[in-house]
Amino acid sequence: MNLTVQKDYIEIDGKPVFIYGGDLSYCRVPRKYWKERMLQMKAAGLNTVTVYAVWAYHQEAPGVFNFEGDRDLAAFIDTIAECGMYCIYRMGPFVHGEFRNGGLPQWVVDELGTKARTNDPQYLKYAEEYYNKLIEIAKPRQISDGGPIIIIQLENELGSAGCKGDDLPRGSASVEENAKHLLFYYDLVKKNGINVPVLDINHIPDKEKYFDSLVDAGGLYPVNCFYCDGDLSDFSMDWWNQHTRPKITIETGGGMFVRYYDTPAYRNTNSFQGPLVPPEMIEGALNLHLADGCSGINLYIFCDGQNPDDCGESMLPAKNMNYQAPISVVGRFRKSYYAVKRTGWFLRSFGQELLNSSPSDNWAKVRYTGIAHPGERNGGDLFEYYDTDRGEAQTEPKDQIKYQARTTKGLNLSESNFLFLRNASNLGSSWKRDVKVLVTPSKLACEVFQEYPKKTQLEMPPQTLKTMPFFVRLAKGNFLEYSTAELLDKRDFNGKTQVVLCDSKEIMTETRLVLPSVENIRTVGNVLVMKESPNTVTLIAKMERLPIIVETDDLRLVLMDKHYAEELWDVGKDFAWSATPLSGSDKEITCITEKNEFCMEWMTPVKPQFESGLNDAVEQYDEARSLYRLSGNFGLKVPEIAWKKSYDGEDIVLTAQVGPELLCGVKDVVLTLHHDGMIGNAYFNGKLVSDHAYGKFLPWEIGLNGIAEISGELQIVCTKATVCEVETAVQAEKVLNFR
């Protein structure tokens, strides 16, 4: 395959590709879970796995390398290919990544001290030996040779960031020395046959003088532990107006770590030094990047895991890399997973249209009128300030609606355009009523000034984001002129183009279509169809429990509640929604479940014939919606664990005997602990197997698979705690068979 770096995006075989990735550490996730985690990422719409190659994990002593078993980096990259995903290969040798010494082996630091990460000849000698191993792995796995590697990264934040917990420096004090250091790695990979683009995240000025085929990078941690609580920045045209190469945000925060060794304690929360990262802040960062013109987003990190022994950064808990990531250490999905997933499904269906558009800050003006929302204020007239531009009058700028467009200049309805709206802040936001979008013909395929929506009132509840589509071609001769709902998915359905639009069930939506003919529209559910001409129709609907269906001869619209849209899963060429994650084909659906009860609703043109895999199965088929429902139970039994509770000073201590019998017939047994102590440590037969520094602010999860492979004593110690409670659940893999 051929990869080309254009100014605005990357092309693969001549086709623009939006890179949507997440960091997965093979060092922190056991090999037996690699494929499962990658498929969970892919189910969220991600197409790329980003991975740090960690030097200390492969060379614990001079001249001795280990790339076997869980350390088999080549096998990890091959698994990415097997899952049909791309790979961004972050080669280091310094990676940071919350690893001890930033990933440099301890023996290198002990021998060289401050000469490490500089142009010291001995350091470069050691680094070259390691790089040769990484190049040997990468060379046959580049996309040009049919492999998954599309981009490499050399070093990491050289000149700007070190490793605070271990006092590792930022590189040399001299900018010229840092440029020389980076060029050493660049020359090394190029002369050894690495031809994919290099991602730029190092602080070296005028890099273009030294390096070819660079991809711009960056990151955003809107809520972090570096400067108070943090917040989302404003939309900006600055980067776009001066860019010369595409931008992939290699580190958009998918969460944030706890750094409990720092002082003073964070915000009077005992030892906890968060912060907690709300899912709307992660979604807000994605929304910001899309609006500002990025052609790729990578979430760091996407999957929590556990540090190998003595590999964690000193200021962090020793064992658990608990980053509040979308996928937790035991494979559970946090709320942020579903926010990331809605963006992922949108990008995989409409990424091409997005990449063909450009940021614009002068096409639209957004304002809102009226009081916040009935019930939000005491007294007052609902229509107070109706004619006042509240967006301009707000005294607190954080509570305004932020917005920016991506537009494509072309003929009417021939191009796709998007308006990104944000009513979210880490400091909170209020309900915005009667939001009006005022647009100009500038830089957009419309001929006159317009105001949207035209027939209803657009509302934005607190802490929400929205991407409004304009002039999107859905199928041949079928166009979406605009919608106040969000595009989520597009696929073939029984010979028609099926498009999913979603919004909150609290909001009335307005969608206008331009069609070859409006005469043959068929609907199921409560939707007002306003035929305005032989070719134009406006749909007014409020999302309900069941999807609303609007069909023409060529097009099938599915209007659904955003909550249910988050629970869509690919099932063969169709999709189903369920609170239990699903994957598979129309003949075999796999469920990874912790719940005994199961319910699935499958959008399929033909009623499936259920065969086995569920107890007390109940089936229904709604022909009008082409919706198949299946419910029943899996017969799961949660094992009982006999805990003994004792006290050691101010600490609570729980002990229990656990062994392989607990795991019989299940994938894992997961313990969820709720405690209010400073730090929690779990030991199995005296060895640390899990820790937790979030106290009462985040549940502590411990999976027994990998721990209780032999019988022994599990001891849990919560320091300075008054509460420590344990919930037990089983994770089971169940297969539903159809014929």
# chains A, B, ... in the order shown; residues from 1 in each chain; ligands from 1
$ residues_around --residues "Pro279 in chain A" --least-positions-apart "3" --cutoff "8 Å" --atoms "only C-alpha atoms" --output "NGL selection string"
:A and (282-283 or 335-336 or 339)
$ write_last_selection --atoms "N, CA and C atoms" --output "tab-separated table (two decimals), in the first residue's frame"
chain	number	residue	atom	x	y	z
A	282	ILE	N	-13.48	14.85	27.71
A	282	ILE	CA	-12.78	14.07	26.68
A	282	ILE	C	-13.47	14.26	25.34
A	283	GLU	N	-14.80	14.19	25.34
A	283	GLU	CA	-15.55	14.42	24.11
A	283	GLU	C	-15.33	15.85	23.62
A	335	LYS	N	-17.64	5.47	31.18
A	335	LYS	CA	-18.55	6.34	30.44
A	335	LYS	C	-17.84	7.03	29.28
A	336	SER	N	-16.56	7.33	29.45
A	336	SER	CA	-15.82	8.01	28.39
A	336	SER	C	-15.71	7.13	27.14
A	339	ALA	N	-18.59	8.01	24.88
A	339	ALA	CA	-18.43	9.31	24.24
A	339	ALA	C	-17.44	9.22	23.08
$ residues_around --residues "Gly632 in chain A" --least-positions-apart "5" --cutoff "9 Å" --atoms "only C-alpha atoms" --output "PyMOL selection string"
chain A and resi 596-599+614-618
$ select_by_dssp --residues "range 665-738 of chain A" --states "strand (DSSP E or B)" --output "short mmCIF file (atom, residue, chain, number, x, y, z; two decimals) with C-alpha atoms, in the first residue's frame"
data_model
loop_
_atom_site.label_atom_id
_atom_site.label_comp_id
_atom_site.auth_asym_id
_atom_site.auth_seq_id
_atom_site.Cartn_x
_atom_site.Cartn_y
_atom_site.Cartn_z
CA ASP A 668 -12.68 -13.63 35.15
CA VAL A 669 -13.86 -12.86 38.66
CA VAL A 670 -13.78 -9.12 39.27
CA LEU A 671 -13.65 -7.53 42.69
CA THR A 672 -14.83 -3.92 42.94
CA LEU A 673 -13.74 -2.19 46.11
CA HIS A 674 -15.13 1.02 47.53
CA HIS A 675 -12.93 2.55 50.19
CA GLY A 680 -5.07 0.61 48.87
CA ASN A 681 -2.69 -2.30 48.31
CA ALA A 682 -3.62 -5.88 47.43
CA TYR A 683 -1.21 -8.75 48.03
CA PHE A 684 -1.45 -12.36 46.90
CA LYS A 687 3.30 -10.13 46.54
CA LEU A 688 1.80 -6.81 45.47
CA VAL A 689 -0.75 -7.50 42.72
CA SER A 690 -2.82 -4.30 42.66
CA ASP A 691 -2.93 -0.84 44.19
CA HIS A 692 -5.27 2.12 44.21
CA TRP A 700 -10.88 -0.04 42.61
CA GLU A 701 -11.08 -3.08 40.31
CA ILE A 702 -9.13 -6.30 40.80
CA GLY A 703 -9.37 -9.17 38.33
CA GLY A 712 -3.39 -18.64 48.22
CA GLU A 713 -4.27 -15.72 50.44
CA LEU A 714 -5.47 -12.43 49.02
CA GLN A 715 -4.94 -9.56 51.43
CA ILE A 716 -6.31 -6.07 50.85
CA VAL A 717 -5.05 -3.20 52.98
CA CYS A 718 -6.73 0.23 52.89
CA CYS A 724 -13.85 -0.80 52.68
CA GLU A 725 -16.52 -2.83 50.89
CA VAL A 726 -16.15 -5.50 48.20
CA GLU A 727 -18.52 -6.39 45.36
CA THR A 728 -17.94 -9.61 43.41
CA ALA A 729 -18.90 -10.14 39.79
CA VAL A 730 -18.04 -12.66 37.10
CA GLN A 731 -17.06 -11.88 33.53
CA ALA A 732 -18.18 -14.56 31.13
CA GLU A 733 -17.88 -14.98 27.39
CA LYS A 734 -21.16 -16.19 25.97
CA VAL A 735 -21.92 -17.05 22.36
CA LEU A 736 -25.37 -16.73 20.78
CA ASN A 737 -25.87 -19.03 17.82
CA PHE A 738 -28.23 -18.41 14.91
#
$ residues_around --residues "Leu627 in chain A" --least-positions-apart "3" --cutoff "6 Å" --atoms "only C-alpha atoms" --output "list of chain:residue names"
A:Trp602, A:Met603, A:Tyr621, A:Asp622
$ write_last_selection --atoms "N, CA and C atoms" --output "short mmCIF file (atom, residue, chain, number, x, y, z; two decimals), in the first residue's frame"
data_model
loop_
_atom_site.label_atom_id
_atom_site.label_comp_id
_atom_site.auth_asym_id
_atom_site.auth_seq_id
_atom_site.Cartn_x
_atom_site.Cartn_y
_atom_site.Cartn_z
N TRP A 602 -31.77 -5.92 17.42
CA TRP A 602 -30.92 -6.09 16.25
C TRP A 602 -31.65 -5.55 15.03
N MET A 603 -31.06 -4.55 14.37
CA MET A 603 -31.64 -3.97 13.16
C MET A 603 -31.23 -4.83 11.98
N TYR A 621 -40.14 -9.95 16.53
CA TYR A 621 -39.65 -9.29 15.33
C TYR A 621 -40.63 -8.22 14.91
N ASP A 622 -40.18 -6.97 14.92
CA ASP A 622 -40.98 -5.82 14.51
C ASP A 622 -40.71 -5.59 13.02
#
$ select_by_dssp --residues "range 51-135 of chain A" --states "helix (DSSP H, G or I)" --output "compact mmCIF listing (two decimals) with C-alpha atoms, in the first residue's frame"
# COMPACT_ATOMS: atom_id res chain seq x y z
CA TRP A 55 13.57 -0.02 26.35
CA ALA A 56 13.67 -1.05 30.01
CA TYR A 57 11.12 -3.79 29.34
CA HIS A 58 13.42 -5.45 26.78
CA GLY A 69 6.28 -14.00 25.52
CA ASP A 70 4.51 -10.92 26.86
CA ARG A 71 7.50 -8.89 25.61
CA LEU A 73 6.62 -6.60 20.38
CA ALA A 74 6.59 -8.08 16.88
CA ALA A 75 3.67 -10.33 17.83
CA PHE A 76 1.85 -7.31 19.29
CA ILE A 77 2.17 -5.44 15.99
CA ASP A 78 1.12 -8.55 14.07
CA THR A 79 -2.00 -8.68 16.25
CA ILE A 80 -2.80 -5.09 15.26
CA ALA A 81 -2.63 -6.21 11.62
CA GLU A 82 -4.80 -9.24 12.37
CA ARG A 100 10.39 4.64 35.45
CA ASN A 101 13.21 6.74 33.96
CA GLY A 102 10.90 7.45 31.03
CA GLY A 103 11.50 3.88 29.84
CA GLN A 106 18.01 1.54 35.22
CA TRP A 107 21.49 0.29 34.39
CA VAL A 108 21.84 2.99 31.71
CA VAL A 109 20.85 5.70 34.20
CA ASP A 110 23.12 4.26 36.89
CA GLU A 111 26.10 4.20 34.55
CA LEU A 112 25.62 7.48 32.70
CA GLY A 113 23.62 9.69 35.06
CA THR A 114 22.94 13.08 33.45
CA LYS A 115 24.64 11.94 30.23
CA PRO A 121 28.93 8.59 22.70
CA GLN A 122 28.31 5.78 25.18
CA TYR A 123 24.61 6.63 25.45
CA LEU A 124 24.27 6.76 21.66
CA LYS A 125 26.04 3.39 21.42
CA TYR A 126 23.54 1.79 23.81
CA ALA A 127 20.60 3.52 22.11
CA GLU A 128 21.73 2.37 18.66
CA GLU A 129 21.91 -1.26 19.81
CA TYR A 130 18.34 -0.97 21.04
CA TYR A 131 17.13 0.89 17.94
CA ASN A 132 18.53 -1.81 15.69
CA LYS A 133 16.22 -4.28 17.42
CA LEU A 134 13.22 -2.00 16.92
CA ILE A 135 14.10 -1.41 13.27
$ closest_residue --among "A:Gln352, A:Ser358, A:Thr538, A:Ser425" --to "Gln404 in chain A" --atoms "only C-alpha atoms"
A:Ser358
$ residues_around --residues "Ala579 in chain A" --least-positions-apart "6" --cutoff "10 Å" --atoms "only C-alpha atoms" --output "mmCIF file with C-alpha atoms, in the first residue's frame"
data_model
loop_
_atom_site.group_PDB
_atom_site.id
_atom_site.type_symbol
_atom_site.label_atom_id
_atom_site.label_comp_id
_atom_site.auth_asym_id
_atom_site.auth_seq_id
_atom_site.Cartn_x
_atom_site.Cartn_y
_atom_site.Cartn_z
ATOM 1 C CA TYR A 564 -29.102 3.921 22.844
ATOM 2 C CA GLU A 566 -23.912 4.696 22.472
ATOM 3 C CA GLU A 567 -24.818 1.027 22.866
ATOM 4 C CA LEU A 568 -24.731 0.114 19.169
ATOM 5 C CA TRP A 569 -22.444 -2.775 18.199
ATOM 6 C CA THR A 593 -21.053 -10.029 30.122
ATOM 7 C CA LYS A 595 -24.930 -9.589 33.982
ATOM 8 C CA PHE A 598 -29.601 -10.110 28.570
ATOM 9 C CA CYS A 599 -31.538 -8.042 26.049
ATOM 10 C CA MET A 600 -30.583 -7.232 22.475
#
$ closest_atom_pairs --of "range 612-665 of chain A" --to "range 549-559 of chain A" --cutoff "10 Å" --atoms "only C-alpha atoms" --output "JSON lines"
{"residue": "A:Ala624", "atom": "CA", "partner": "A:Ile549", "partner_atom": "CA", "distance": 8.6}
{"residue": "A:Arg625", "atom": "CA", "partner": "A:Ile549", "partner_atom": "CA", "distance": 6.6}
{"residue": "A:Ser626", "atom": "CA", "partner": "A:Ile549", "partner_atom": "CA", "distance": 9.5}
$ write_last_selection --atoms "C-alpha atoms" --output "short mmCIF file (atom, residue, chain, number, x, y, z; two decimals), in the first residue's frame"
data_model
loop_
_atom_site.label_atom_id
_atom_site.label_comp_id
_atom_site.auth_asym_id
_atom_site.auth_seq_id
_atom_site.Cartn_x
_atom_site.Cartn_y
_atom_site.Cartn_z
CA ALA A 624 -42.21 -2.32 10.40
CA ARG A 625 -38.84 -1.36 11.88
CA SER A 626 -36.94 -4.51 10.80
#
$ decode --residues "range 405-461 of chain A" --atoms "C-alpha atoms" --output "tab-separated table (two decimals), in the first residue's frame"
chain	number	residue	atom	x	y	z
A	405	ALA	CA	-17.35	25.30	11.48
A	406	ARG	CA	-15.65	23.13	8.91
A	407	THR	CA	-16.91	24.07	5.46
A	408	THR	CA	-16.35	23.14	1.84
A	409	LYS	CA	-16.84	25.66	-0.93
A	410	GLY	CA	-18.73	24.00	-3.76
A	411	LEU	CA	-22.04	23.74	-5.54
A	412	ASN	CA	-25.21	23.60	-3.45
A	413	LEU	CA	-25.62	20.28	-1.64
A	414	SER	CA	-22.55	18.80	-3.31
A	415	GLU	CA	-20.21	19.02	-0.33
A	416	SER	CA	-20.36	18.27	3.38
A	417	ASN	CA	-20.10	20.84	6.14
A	418	PHE	CA	-20.17	20.66	9.91
A	419	LEU	CA	-20.76	23.10	12.77
A	420	PHE	CA	-19.20	22.17	16.11
A	421	LEU	CA	-21.09	23.48	19.14
A	422	ARG	CA	-19.91	23.27	22.75
A	423	ASN	CA	-22.00	23.90	25.83
A	424	ALA	CA	-19.60	22.22	28.22
A	425	SER	CA	-16.93	23.34	30.65
A	426	ASN	CA	-15.06	21.74	33.52
A	427	LEU	CA	-16.60	24.55	35.59
A	428	GLY	CA	-20.12	23.57	34.53
A	429	SER	CA	-22.67	25.06	32.14
A	430	SER	CA	-26.37	25.93	32.03
A	431	TRP	CA	-29.22	24.87	29.78
A	432	LYS	CA	-29.26	26.91	26.57
A	433	ARG	CA	-32.70	27.50	25.04
A	434	ASP	CA	-33.64	28.76	21.61
A	435	VAL	CA	-30.19	28.46	20.10
A	436	LYS	CA	-30.04	30.17	16.72
A	437	VAL	CA	-27.44	29.42	14.07
A	438	LEU	CA	-26.94	32.34	11.67
A	439	VAL	CA	-24.87	31.58	8.57
A	440	THR	CA	-23.51	33.49	5.61
A	441	PRO	CA	-22.82	32.32	2.04
A	442	SER	CA	-19.12	32.74	2.76
A	443	LYS	CA	-17.09	29.55	2.31
A	444	LEU	CA	-20.17	27.34	2.16
A	445	ALA	CA	-22.44	25.83	-0.44
A	446	CYS	CA	-25.39	28.15	0.12
A	447	GLU	CA	-26.47	31.21	-1.78
A	448	VAL	CA	-28.12	33.41	0.84
A	449	PHE	CA	-27.94	34.20	4.54
A	450	GLN	CA	-29.76	31.56	6.58
A	451	GLU	CA	-31.01	31.01	10.12
A	452	TYR	CA	-31.30	27.51	11.57
A	453	PRO	CA	-33.35	25.72	12.74
A	454	LYS	CA	-36.30	26.97	10.74
A	455	LYS	CA	-39.33	25.40	12.44
A	456	THR	CA	-38.34	24.29	15.95
A	457	GLN	CA	-36.31	25.51	18.88
A	458	LEU	CA	-32.76	24.19	19.19
A	459	GLU	CA	-31.73	23.49	22.77
A	460	MET	CA	-28.46	22.41	24.32
A	461	PRO	CA	-28.65	20.84	27.78
